[in-house]
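File shown here: coords.cif, holding mmCIF, C-alpha atoms.
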```cif
data_work
#
loop_
_atom_site.label_atom_id
_atom_site.label_comp_id
_atom_site.auth_asym_id
_atom_site.auth_seq_id
_atom_site.Cartn_x
_atom_site.Cartn_y
_atom_site.Cartn_z
CA MET I 25 108.64 216.90 22.25
CA GLY I 26 106.75 215.35 25.12
CA MET I 27 104.87 212.20 24.29
CA GLY I 28 101.11 212.66 24.26
CA VAL I 29 101.29 216.40 24.72
CA ASP I 30 99.15 217.76 21.91
CA ILE I 31 99.75 221.08 20.18
CA ARG I 32 97.09 223.01 22.10
CA ASN I 33 98.49 221.84 25.39
CA ARG I 34 102.06 222.75 24.40
CA MET I 35 100.93 226.31 23.76
CA ALA I 36 98.99 226.37 27.02
CA LYS I 37 101.99 224.99 28.89
CA ARG I 38 104.21 227.74 27.50
CA ALA I 39 101.63 230.37 28.48
CA ALA I 40 101.54 228.91 31.99
CA GLU I 41 105.22 229.81 32.38
CA GLU I 42 104.12 233.47 32.44
CA ILE I 43 101.96 232.97 35.53
CA HIS I 44 103.41 233.35 39.01
CA SER I 45 102.09 233.12 42.55
CA GLY I 46 100.02 236.08 43.70
CA MET I 47 98.82 237.06 40.25
CA VAL I 48 95.25 237.82 39.20
CA VAL I 49 94.72 236.08 35.86
CA ASN I 50 91.91 236.27 33.30
CA LEU I 51 91.72 233.51 30.71
CA GLY I 52 89.84 233.61 27.43
CA ILE I 53 87.98 230.66 25.95
CA GLY I 54 89.69 227.93 23.89
CA ILE I 55 93.39 227.22 24.38
CA PRO I 56 93.76 229.78 27.23
CA SER I 57 91.29 227.75 29.29
CA LEU I 58 93.80 224.86 29.27
CA VAL I 59 96.48 226.94 31.02
CA PRO I 60 95.50 226.08 34.64
CA ASN I 61 96.18 222.39 33.91
CA HIS I 62 99.85 223.30 33.44
CA LEU I 63 100.42 225.32 36.59
CA PRO I 64 102.48 223.74 39.36
CA SER I 65 100.37 223.14 42.49
CA GLU I 66 102.53 225.57 44.49
CA THR I 67 101.59 228.44 42.14
CA LYS I 68 98.73 230.22 43.88
CA VAL I 69 96.77 232.55 41.64
CA MET I 70 93.31 234.10 41.60
CA PHE I 71 91.51 233.42 38.34
CA HIS I 72 89.22 236.28 37.42
CA ALA I 73 86.07 235.90 35.33
CA GLU I 74 84.34 238.94 33.82
CA ASN I 75 80.94 237.85 35.11
CA GLY I 76 82.03 238.51 38.68
CA ILE I 77 84.19 235.70 40.01
CA THR I 78 87.60 236.14 41.62
CA GLY I 79 89.20 232.85 42.63
CA MET I 80 87.50 230.69 40.03
CA GLY I 81 88.29 226.99 40.30
CA PRO I 82 88.16 224.06 37.88
CA SER I 83 85.04 222.55 36.32
CA PRO I 84 82.95 220.49 38.73
CA SER I 85 82.51 216.78 38.15
CA LYS I 86 79.41 215.66 36.30
CA GLY I 87 76.31 215.97 38.46
CA GLU I 88 77.98 218.55 40.73
CA GLU I 89 77.25 221.53 38.45
CA ASP I 90 75.61 224.63 39.92
CA GLU I 91 73.66 226.59 37.30
CA ASN I 92 74.39 229.80 39.17
CA LEU I 93 78.15 229.28 39.24
CA CYS I 94 79.42 229.59 35.68
CA ASN I 95 82.35 231.21 33.91
CA ALA I 96 81.98 234.02 31.37
CA GLY I 97 81.41 231.42 28.64
CA GLY I 98 78.40 230.05 30.52
CA PHE I 99 79.97 226.79 31.63
CA PRO I 100 79.92 225.49 35.21
CA VAL I 101 82.96 226.17 37.36
CA THR I 102 83.80 226.06 41.06
CA LEU I 103 85.12 228.60 43.55
CA ASN I 104 88.51 228.16 45.17
CA LYS I 105 89.14 228.97 48.83
CA GLY I 106 89.40 232.73 49.26
CA GLY I 107 87.29 233.34 46.18
CA SER I 108 84.51 235.91 45.99
CA TYR I 109 81.64 237.14 43.85
CA CYS I 110 80.92 240.68 42.68
CA ASP I 111 78.74 242.46 40.14
CA SER I 112 79.84 243.21 36.58
CA ALA I 113 80.77 246.84 37.33
CA ILE I 114 83.16 245.82 40.12
CA SER I 115 84.53 242.98 37.99
CA PHE I 116 85.47 245.41 35.23
CA GLY I 117 86.63 247.93 37.81
CA MET I 118 89.30 245.38 38.70
CA ILE I 119 90.32 245.21 35.04
CA ARG I 120 90.34 248.95 34.30
CA ARG I 121 92.10 249.75 37.56
CA GLY I 122 94.97 247.50 36.49
CA LYS I 123 94.42 244.78 39.07
CA VAL I 124 94.47 241.97 36.51
CA ASP I 125 98.12 240.99 36.05
CA VAL I 126 97.79 238.76 33.02
CA THR I 127 95.15 238.09 30.42
CA ILE I 128 95.55 235.26 27.94
CA LEU I 129 93.40 235.60 24.83
CA GLY I 130 92.88 234.02 21.46
CA SER I 131 93.00 236.23 18.37
CA LEU I 132 92.17 236.40 14.68
CA GLN I 133 95.15 238.64 13.84
CA VAL I 134 97.96 240.39 15.68
CA SER I 135 100.15 243.04 14.07
CA LYS I 136 103.90 243.46 14.51
CA TRP I 137 103.13 246.42 16.79
CA GLY I 138 100.92 244.39 19.05
CA ASP I 139 97.58 245.52 17.61
CA LEU I 140 94.90 243.00 18.50
CA ALA I 141 92.01 242.09 16.18
CA ASN I 142 89.83 239.44 17.77
CA TRP I 143 86.27 240.67 17.83
CA ILE I 144 84.80 240.97 14.36
CA VAL I 145 84.94 239.42 10.88
CA PRO I 146 83.03 242.01 8.79
CA GLY I 147 80.03 240.54 7.00
CA LYS I 148 80.63 237.13 8.55
CA LYS I 149 80.89 237.01 12.27
CA VAL I 150 79.95 239.92 14.50
CA PRO I 151 79.78 238.50 18.00
CA GLY I 152 80.57 241.77 19.79
CA MET I 153 83.58 242.71 21.84
CA GLY I 154 82.32 241.45 25.18
CA GLY I 155 85.01 242.28 27.70
CA ALA I 156 87.95 241.92 25.32
CA MET I 157 88.57 245.65 24.84
CA GLU I 158 88.91 246.37 28.54
CA LEU I 159 91.10 243.32 29.08
CA ALA I 160 93.33 244.11 26.10
CA GLN I 161 93.72 247.75 27.07
CA LYS I 162 94.02 247.48 30.81
CA ALA I 163 95.45 244.12 31.87
CA LYS I 164 99.10 244.57 32.87
CA LYS I 165 100.24 241.87 30.47
CA VAL I 166 98.38 240.67 27.38
CA ILE I 167 99.35 237.28 25.99
CA VAL I 168 97.88 236.02 22.74
CA VAL I 169 97.78 232.27 22.21
CA MET I 170 96.69 231.37 18.70
CA ASN I 171 97.40 229.24 15.65
CA HIS I 172 100.15 230.69 13.51
CA CYS I 173 97.93 230.69 10.40
CA ASP I 174 94.19 230.67 9.80
CA LYS I 175 92.26 227.74 8.29
CA GLN I 176 93.08 228.95 4.78
CA GLY I 177 96.78 229.06 5.63
CA ASN I 178 97.00 232.85 5.79
CA PRO I 179 99.39 234.29 8.38
CA LYS I 180 97.68 235.66 11.48
CA ILE I 181 100.77 237.64 12.47
CA VAL I 182 100.79 240.57 10.07
CA THR I 183 102.32 243.98 9.40
CA SER I 184 98.96 245.66 9.79
CA CYS I 185 95.66 244.01 10.78
CA SER I 186 93.08 243.89 7.99
CA LEU I 187 90.30 243.16 10.50
CA PRO I 188 88.84 245.84 12.81
CA LEU I 189 91.01 246.27 15.90
CA THR I 190 89.94 245.30 19.37
CA SER I 191 92.71 247.47 20.73
CA SER I 192 95.93 248.91 19.31
CA ALA I 193 99.45 248.27 20.62
CA CYS I 194 98.27 246.16 23.54
CA VAL I 195 99.78 242.69 23.05
CA ASP I 196 102.97 241.86 24.96
CA LEU I 197 103.61 238.26 23.97
CA ILE I 198 102.45 235.98 21.13
CA ILE I 199 102.52 232.20 21.49
CA THR I 200 101.74 230.05 18.44
CA GLU I 201 102.27 226.35 17.78
CA LEU I 202 105.55 227.30 16.04
CA ALA I 203 107.13 230.05 18.06
CA VAL I 204 107.04 232.72 20.75
CA PHE I 205 107.36 236.42 19.94
CA LEU I 206 107.93 239.35 22.23
CA VAL I 207 106.29 242.60 21.09
CA THR I 208 108.87 245.38 21.42
CA GLU I 209 108.95 249.04 20.42
CA GLU I 210 110.90 248.00 17.31
CA GLY I 211 108.38 245.32 16.35
CA LEU I 212 108.42 241.58 16.94
CA LEU I 213 111.30 239.65 18.43
CA LEU I 214 111.29 235.87 18.05
CA THR I 215 112.61 234.43 21.28
CA GLU I 216 111.59 230.78 21.21
CA LEU I 217 110.85 227.96 18.81
CA PHE I 218 108.75 224.88 19.42
CA ALA I 219 110.63 221.74 18.40
CA PRO I 220 110.81 220.48 15.69
CA TYR I 221 110.01 223.65 13.75
CA SER I 222 112.73 225.63 12.01
CA LEU I 223 113.22 229.34 11.75
CA GLU I 224 112.61 229.02 8.01
CA THR I 225 109.13 227.59 8.60
CA VAL I 226 108.27 230.48 10.90
CA VAL I 227 109.56 233.08 8.43
CA ASN I 228 107.48 231.51 5.63
CA LYS I 229 104.31 231.48 7.70
CA THR I 230 104.59 234.94 9.22
CA GLY I 231 103.07 237.94 7.46
CA CYS I 232 105.59 240.50 8.65
CA GLU I 233 109.27 240.91 9.28
CA PHE I 234 110.59 240.19 12.74
CA LYS I 235 113.88 240.24 14.60
CA ILE I 236 115.42 237.11 16.02
CA SER I 237 116.78 236.94 19.52
CA GLU I 238 120.49 236.25 19.87
CA THR I 239 119.62 233.27 22.01
CA VAL I 240 116.61 231.41 20.67
CA ARG I 241 115.27 228.93 23.16
CA MET I 242 114.12 225.59 21.77
CA ILE I 243 111.05 224.69 23.79
CA PRO I 244 111.62 221.07 24.78
CA TYR I 245 108.07 219.91 25.55
CA MET O 17 53.27 237.28 55.32
CA GLU O 18 52.18 240.80 56.03
CA ASN O 19 53.25 242.38 52.69
CA ALA O 20 53.33 245.76 54.44
CA PHE O 21 54.95 247.51 51.49
CA ARG O 22 52.65 245.96 48.87
CA LYS O 23 55.68 244.90 46.81
CA VAL O 24 55.15 241.16 46.85
CA THR O 25 52.89 240.39 43.93
CA THR O 26 52.30 237.99 41.04
CA LEU O 27 53.46 237.65 37.46
CA GLU O 28 49.91 238.41 36.25
CA ALA O 29 49.79 241.64 38.26
CA VAL O 30 53.02 243.05 36.80
CA MET O 31 52.26 242.20 33.18
CA LYS O 32 50.52 245.59 32.74
CA TYR O 33 53.95 247.26 32.75
CA PHE O 34 55.06 245.57 29.52
CA HIS O 35 53.98 247.11 26.23
CA ASP O 36 55.03 247.39 22.58
CA GLY O 37 57.89 249.76 21.85
CA MET O 38 59.17 249.93 25.42
CA THR O 39 62.72 250.03 26.68
CA LEU O 40 63.42 246.96 28.81
CA MET O 41 66.56 246.28 30.79
CA PHE O 42 67.39 242.77 31.96
CA GLY O 43 69.82 241.21 34.36
CA GLY O 44 71.88 238.14 33.47
CA PHE O 45 75.03 236.95 31.78
CA GLY O 46 74.61 234.23 29.17
CA GLY O 47 71.20 233.57 30.70
CA VAL O 48 72.67 232.97 34.18
CA GLY O 49 70.76 235.31 36.48
CA SER O 50 68.00 236.15 34.00
CA PRO O 51 64.37 235.93 35.23
CA PRO O 52 62.65 233.01 33.44
CA ASP O 53 59.02 233.65 34.40
CA LEU O 54 59.10 237.34 33.52
CA ILE O 55 60.66 236.57 30.14
CA ASP O 56 57.99 233.95 29.43
CA GLY O 57 55.29 236.37 30.57
CA ILE O 58 56.50 239.00 28.11
CA LEU O 59 56.62 236.36 25.36
CA ASP O 60 53.10 235.14 26.14
CA LYS O 61 51.70 238.66 26.18
CA GLY O 62 52.98 239.14 22.62
CA VAL O 63 54.93 242.32 23.37
CA ARG O 64 56.92 243.51 20.34
CA ASP O 65 59.30 246.21 19.15
CA LEU O 66 61.32 246.11 22.36
CA THR O 67 64.56 247.94 22.96
CA LEU O 68 66.51 245.50 25.12
CA ILE O 69 69.45 246.57 27.25
CA GLY O 70 71.66 243.98 28.91
CA ASN O 71 75.01 242.24 28.86
CA ASP O 72 74.32 239.83 25.99
CA THR O 73 71.53 238.15 24.02
CA GLY O 74 71.75 234.82 25.84
CA PHE O 75 71.38 231.65 23.82
CA PRO O 76 68.49 231.09 21.36
CA HIS O 77 66.41 229.24 23.97
CA ILE O 78 67.99 230.65 27.14
CA GLY O 79 67.30 233.85 29.01
CA ILE O 80 66.54 237.01 27.03
CA GLY O 81 67.56 235.02 23.94
CA LYS O 82 63.98 233.72 23.78
CA LEU O 83 62.63 237.22 23.11
CA VAL O 84 65.38 237.94 20.59
CA SER O 85 64.90 234.65 18.73
CA GLN O 86 61.17 235.28 18.40
CA GLN O 87 61.83 238.73 16.94
CA ARG O 88 60.28 240.67 19.78
CA ALA O 89 63.13 243.16 19.86
CA SER O 90 63.86 245.87 17.29
CA LYS O 91 66.99 247.07 19.06
CA VAL O 92 69.51 245.60 21.46
CA ILE O 93 72.22 247.39 23.43
CA ALA O 94 74.68 244.70 24.55
CA SER O 95 78.34 243.74 24.66
CA HIS O 96 78.02 240.37 23.00
CA ILE O 97 75.59 238.45 20.81
CA GLY O 98 77.88 235.56 19.83
CA SER O 99 76.13 232.88 21.87
CA ASN O 100 72.84 233.60 20.08
CA PRO O 101 73.36 233.02 16.33
CA ILE O 102 69.76 234.08 15.64
CA ALA O 103 70.60 237.56 16.94
CA GLY O 104 73.49 237.77 14.47
CA GLN O 105 71.30 236.53 11.64
CA LEU O 106 68.56 239.09 12.40
CA MET O 107 71.18 241.82 12.58
CA HIS O 108 72.53 240.92 9.14
CA GLU O 109 68.99 240.80 7.71
CA GLY O 110 68.40 244.32 9.03
CA LYS O 111 65.67 243.11 11.40
CA LEU O 112 67.55 243.89 14.57
CA GLU O 113 69.58 246.99 15.36
CA VAL O 114 72.52 246.19 17.63
CA GLU O 115 74.51 248.77 19.55
CA PHE O 116 77.67 247.16 20.92
CA SER O 117 79.17 248.56 24.07
CA PRO O 118 82.32 247.22 25.75
CA GLN O 119 81.16 244.98 28.57
CA GLY O 120 82.48 246.91 31.55
CA ILE O 121 81.52 250.25 30.04
CA LEU O 122 78.02 248.92 29.42
CA ALA O 123 77.85 247.87 33.07
CA GLU O 124 79.08 251.29 34.12
CA ARG O 125 76.58 253.08 31.84
CA ILE O 126 73.80 251.07 33.47
CA ARG O 127 75.22 251.80 36.90
CA ALA O 128 75.42 255.52 36.04
CA GLY O 129 71.77 255.47 34.99
CA GLY O 130 70.94 253.71 38.22
CA VAL O 131 72.69 256.23 40.44
CA GLY O 132 71.55 259.39 38.69
CA ILE O 133 74.71 260.26 36.75
CA PRO O 134 74.02 261.42 33.16
CA ALA O 135 77.19 260.05 31.54
CA ILE O 136 80.64 258.66 32.23
CA LEU O 137 84.03 259.39 30.68
CA SER O 138 85.77 256.41 29.13
CA ASP O 139 89.09 255.61 27.48
CA ILE O 140 87.99 252.15 26.33
CA GLY O 141 87.74 251.44 22.61
CA MET O 142 88.68 254.96 21.54
CA ASP O 143 90.52 253.56 18.51
CA ASN O 144 87.48 251.54 17.47
CA GLU O 145 85.06 253.02 14.95
CA PHE O 146 82.08 251.08 16.31
CA VAL O 147 82.61 252.22 19.87
CA VAL O 148 83.18 255.90 19.12
CA LYS O 149 80.36 256.25 16.58
CA ASP O 150 78.26 259.39 17.20
CA LYS O 151 79.75 259.92 20.66
CA PRO O 152 81.20 263.25 21.84
CA TYR O 153 84.67 263.67 23.33
CA ILE O 154 85.73 265.71 26.28
CA SER O 155 89.14 266.90 27.43
CA LEU O 156 90.07 266.66 31.08
CA ALA O 157 93.54 267.29 32.53
CA ASP O 158 95.11 267.19 29.05
CA LYS O 159 93.58 263.84 28.20
CA ARG O 160 90.83 263.08 25.75
CA TYR O 161 87.93 260.87 26.76
CA LEU O 162 84.83 259.45 25.18
CA VAL O 163 81.49 260.49 26.67
CA GLU O 164 79.41 257.38 27.27
CA SER O 165 75.80 258.19 28.06
CA ALA O 166 74.04 256.62 31.02
CA LEU O 167 71.36 254.00 30.39
CA THR O 168 67.98 253.70 32.08
CA ALA O 169 64.83 251.82 31.13
CA GLU O 170 61.09 252.00 31.64
CA VAL O 171 61.23 248.60 33.30
CA SER O 172 64.11 246.51 34.65
CA ILE O 173 63.66 242.78 35.16
CA ILE O 174 66.10 240.99 37.43
CA TYR O 175 66.69 237.66 39.14
CA ALA O 176 67.77 237.14 42.74
CA LYS O 177 68.05 234.34 45.24
CA LYS O 178 66.10 235.91 48.08
CA ALA O 179 63.97 238.96 48.68
CA ASP O 180 62.27 240.16 51.80
CA GLU O 181 58.93 241.97 51.72
CA TYR O 182 60.63 245.30 51.14
CA GLY O 183 62.50 243.99 48.08
CA ASN O 184 65.90 243.86 49.77
CA LEU O 185 67.84 241.38 47.66
CA ILE O 186 70.62 238.88 47.92
CA TYR O 187 71.95 237.04 44.90
CA ASP O 188 73.38 233.60 44.18
CA LYS O 189 77.07 233.31 43.23
CA SER O 190 77.80 234.33 39.64
CA ALA O 191 74.09 234.87 38.99
CA ARG O 192 74.61 238.29 40.59
CA ASN O 193 76.50 239.67 37.53
CA THR O 194 74.59 242.67 36.12
CA ASN O 195 71.50 242.29 38.34
CA PRO O 196 72.40 244.82 41.10
CA LEU O 197 73.17 247.42 38.39
CA VAL O 198 70.07 246.74 36.30
CA ALA O 199 68.01 246.84 39.51
CA MET O 200 68.92 250.50 40.02
CA ALA O 201 68.41 251.63 36.42
CA GLY O 202 64.74 250.83 35.89
CA ASP O 203 61.97 253.40 36.37
CA ILE O 204 60.14 250.32 37.58
CA THR O 205 62.16 247.34 38.76
CA ILE O 206 60.65 243.89 39.08
CA ALA O 207 62.63 241.20 40.87
CA GLU O 208 61.89 237.53 40.26
CA VAL O 209 63.28 235.58 43.18
CA GLU O 210 63.74 232.01 44.36
CA GLU O 211 62.49 232.74 47.85
CA ILE O 212 60.53 235.51 49.58
CA VAL O 213 61.11 235.94 53.30
CA PRO O 214 59.53 238.16 56.00
CA LEU O 215 61.07 241.49 56.98
CA GLY O 216 63.98 240.98 59.32
CA SER O 217 64.89 237.56 57.95
CA LEU O 218 67.83 238.74 55.83
CA ASP O 219 71.13 239.65 57.42
CA PRO O 220 71.21 243.44 56.80
CA ASP O 221 74.96 243.26 56.15
CA ALA O 222 74.44 240.64 53.44
CA ILE O 223 71.86 242.60 51.44
CA ILE O 224 73.34 243.59 48.07
CA THR O 225 70.46 245.58 46.60
CA PRO O 226 68.50 247.73 49.05
CA GLY O 227 64.75 247.41 48.50
CA VAL O 228 64.57 251.12 47.72
CA PHE O 229 65.43 250.19 44.13
CA VAL O 230 62.88 247.39 43.86
CA ASN O 231 59.20 248.08 43.14
CA TYR O 232 57.83 244.56 42.86
CA VAL O 233 58.84 241.07 43.90
CA ILE O 234 57.47 237.89 42.39
CA LEU O 235 58.25 234.29 43.29
CA SER O 236 60.01 232.37 40.53
CA LYS O 237 59.04 228.93 39.31
CA GLY O 238 62.73 228.50 38.52
CA VAL O 239 64.79 228.14 35.39
CA ASN O 240 62.77 226.40 32.68
CA TRP O 241 65.41 226.15 29.96
CA LYS O 242 68.10 223.56 29.30
CA TRP O 243 71.59 224.99 29.73
CA ALA O 244 74.13 224.68 26.91
CA TRP O 245 76.29 222.49 29.15
CA GLU O 246 73.49 220.07 30.11
#
```
Could you render the structure from this file as C-alpha cells?
Amino acid sequence: MGMGVDIRNRMAKRAAEEIHSGMVVNLGIGIPSLVPNHLPSETKVMFHAENGITGMGPSPSKGEEDENLCNAGGFPVTLNKGGSYCDSAISFGMIRRGKVDVTILGSLQVSKWGDLANWIVPGKKVPGMGGAMELAQKAKKVIVVMNHCDKQGNPKIVTSCSLPLTSSACVDLIITELAVFLVTEEGLLLTELFAPYSLETVVNKTGCEFKISETVRMIPY
Amino acid sequence: MENAFRKVTTLEAVMKYFHDGMTLMFGGFGGVGSPPDLIDGILDKGVRDLTLIGNDTGFPHIGIGKLVSQQRASKVIASHIGSNPIAGQLMHEGKLEVEFSPQGILAERIRAGGVGIPAILSDIGMDNEFVVKDKPYISLADKRYLVESALTAEVSIIYAKKADEYGNLIYDKSARNTNPLVAMAGDITIAEVEEIVPLGSLDPDAIITPGVFVNYVILSKGVNWKWAWE
C-alpha cells in the first residue's frame, strides 16, 4: 500500500490502467475525475465531455478560469492541443456512434449481470439521467468505480438492482476500494484484491455470488 | 450600423413575445451559454406557467434556474435537474411537472424540431420505464425502436459570442452546447450576444448558426450571476 495514496486515488489509479494512448475517454464526476492524475505522461488520450468538448484538459489555476469553458459538471477546465468544441447533438453522436472507447462512472448499484442503477433514488433523489444512459449503453467499455457498500453498509454489488436501472447489462468492469470484478456472461469474476483486504471481507460485503479468478492479483499500491 | 434586416433590437422590444402559458426553449448547459438578460427580462415581466425545454434546470440562481426557482414554470422537459435542488423540491411537491429525456436524445429531439423532422427513432433507455412512458414503438429491419417526438417552441432564447446584423452566429467554447440546436427549433429565435458586428465582419466559414434561424439579436450586458465555482 503506497504511502499517502488515499482510497479514492487507489481506485482511480486502478481505473487509469484501463486507459491507453489513442482512446477517447469520458469521465463521470467524483472518483472518475481523479483518473487523469494517474495517467503516465506518454499516454495520449482525448477526454470527452458531454457538453461538447473533445480534448478536455485539467482545471485552470485560480484566476485563469474561463466561464465559457467548463466541463459537464459546470466547473472550469482547459482545452488540450488538438481539442475541439461541438454542439450537444454532435457530442452525443460521438457516444452513440461508438466513438467513446471508455467511460468511467460512479454508481448506486450494479448487478452481477452488469446492470447499472445510477440515476434515481425513488422518493429521495431524482436528478435525471443526464447523459448516463447513452454513455452506459454505447461507450465501448463501461467501468464503474464506486464504494463497495453504501453509507448504511449495504452492498452495492447485488444479484438484482432494487433501484431503477440506467441501463441493463452494460457494465464491463467494477472497481471498488476492496476489489476488481470483471462482468462476464456467467456473472461476476473477481480478478483483483486491494491490499490488505481478504477474500472473506469481499464475500461478506458483496450482495451476490461471484466466481474467483484462478490468479487473483494483489494490487500493490 | 445599418441594421438592414431589422434584426438588431433591444430587450424591451422583444419582451412582447413572452407570455403566460407559453412554450420556451433555452440554450445552455448548467447555465453556461444561457442568456442572462433575456432570463431577467422574463422574470421582471412576471411571466408564469411556462413550459421550459432545455438541457437542465441550471442552478437555483444561475441561468434558467432563476425562472424555475421562482416558480415561473409549470413544466420542464430536460435531462437533468440535479444541480437545482429547488426544481427537485417543486417536483416532489407536485408544483412542477418534469419530463426527463436522455441528454443526447433530448438534443436530437430539439435538432429534429429545428430541421423539420417530426420524430426520431431511438434505442436509448428502452429498458427504462420513465423513458418509454407513453411513447410508441416502431419496427425497422427487424429491430424495435422507440419513437421520440421532435421538440419545437414558440420562442427560443440563446446565447452567442458574436452576431452580425443578419443574426449569423458564432459561439464561445463550451458555451456553444445546445445553443445551435435550440436556435433552429424556435418559431421565433432571439439571440443574446456579447458583440454585434456589421455584415461581412464574420468569417463565413466560422459561422455556426446561419442567420436564417435567428429573428432577433440583442446585445448582452453579460453574465450577472455568481458561478458555483467562484
Inset, instruction - Choose the residue, out of O:Val148, O:Ile69, O:Ala29, O:Ile58, that has the smallest atom-to-atom separation from Gln86 in chain O; count all atoms listed in the file. - result: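 When distances to Gln86 in chain O are compared using all atoms listed in the file, the smallest one comes from O:Ile58.
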Legend entry - Explicit residues for the PyMOL selection byres ((chain I) within 7 of (chain O)) (as a list of chain:residue names): I:Asn75, I:Gly76, I:Ile77, I:Asn92, I:Leu93, I:Cys94, I:Gly98, I:Phe99, I:Tyr109, I:Cys110, I:Asp111, I:Ser112, I:Ala113, I:Phe116, I:Val150, I:Pro151, I:Gly152, I:Met153, I:Gly154, I:Gly155, I:Met157, I:Glu158, I:Leu189, I:Thr190, I:Ser191
Inset, instruction - Measure the distance from CA of Gly46 in chain I to CA of Ile128 in chain I in Å and round it to one decimal. - result: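 It comes out at 16.4 Å.
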Inset, instruction - Name the residues, using the chain letters and numbers of the file, that sit within 12 Å of (109.0, 241.4, 24.0) when counting all atoms listed in the file, and give them as a PyMOL selection string. - result: chain I and resi 136-138+165-167+194-199+204-216+234-237
Legend entry - Atom-to-atom span, CA of Ala128 in chain O and CA of Ser172 in chain O, Å: 14.5 Å
Inset, instruction - Give as a list in words the residues that the PyMOL selection byres ((chain I and resi 181) around 6) matches when applied to the coordinates above. - result: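 Given this file, the PyMOL selection byres ((chain I and resi 181) around 6) evaluates to Gln133, Val134, Ser135, Pro179, Lys180, Val182, Thr230 and Gly231 of chain I.
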Inset, instruction - Run through the PyMOL selection byres ((chain O and resi 64) around 10) on the given coordinates and return the selected residues as a count of residues only. - result: 19
Legend entry - Minimum-distance residue to Cys185 in chain I, chosen among I:Val101, I:Ile144, I:Met70, I:Ile119 (using all atoms listed in the file):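 So, comparing all the options, the nearest one is I:Ile144.
Closest approach to Ile186 in chain O among O:Asp158, O:Thr73, O:Leu167, O:Gly227: O:Gly227, based on only C-alpha atoms.
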Legend entry - Å distance separating CA of Val126 in chain I from CA of Ile114 in chain I, one decimal place: 17.7 Å
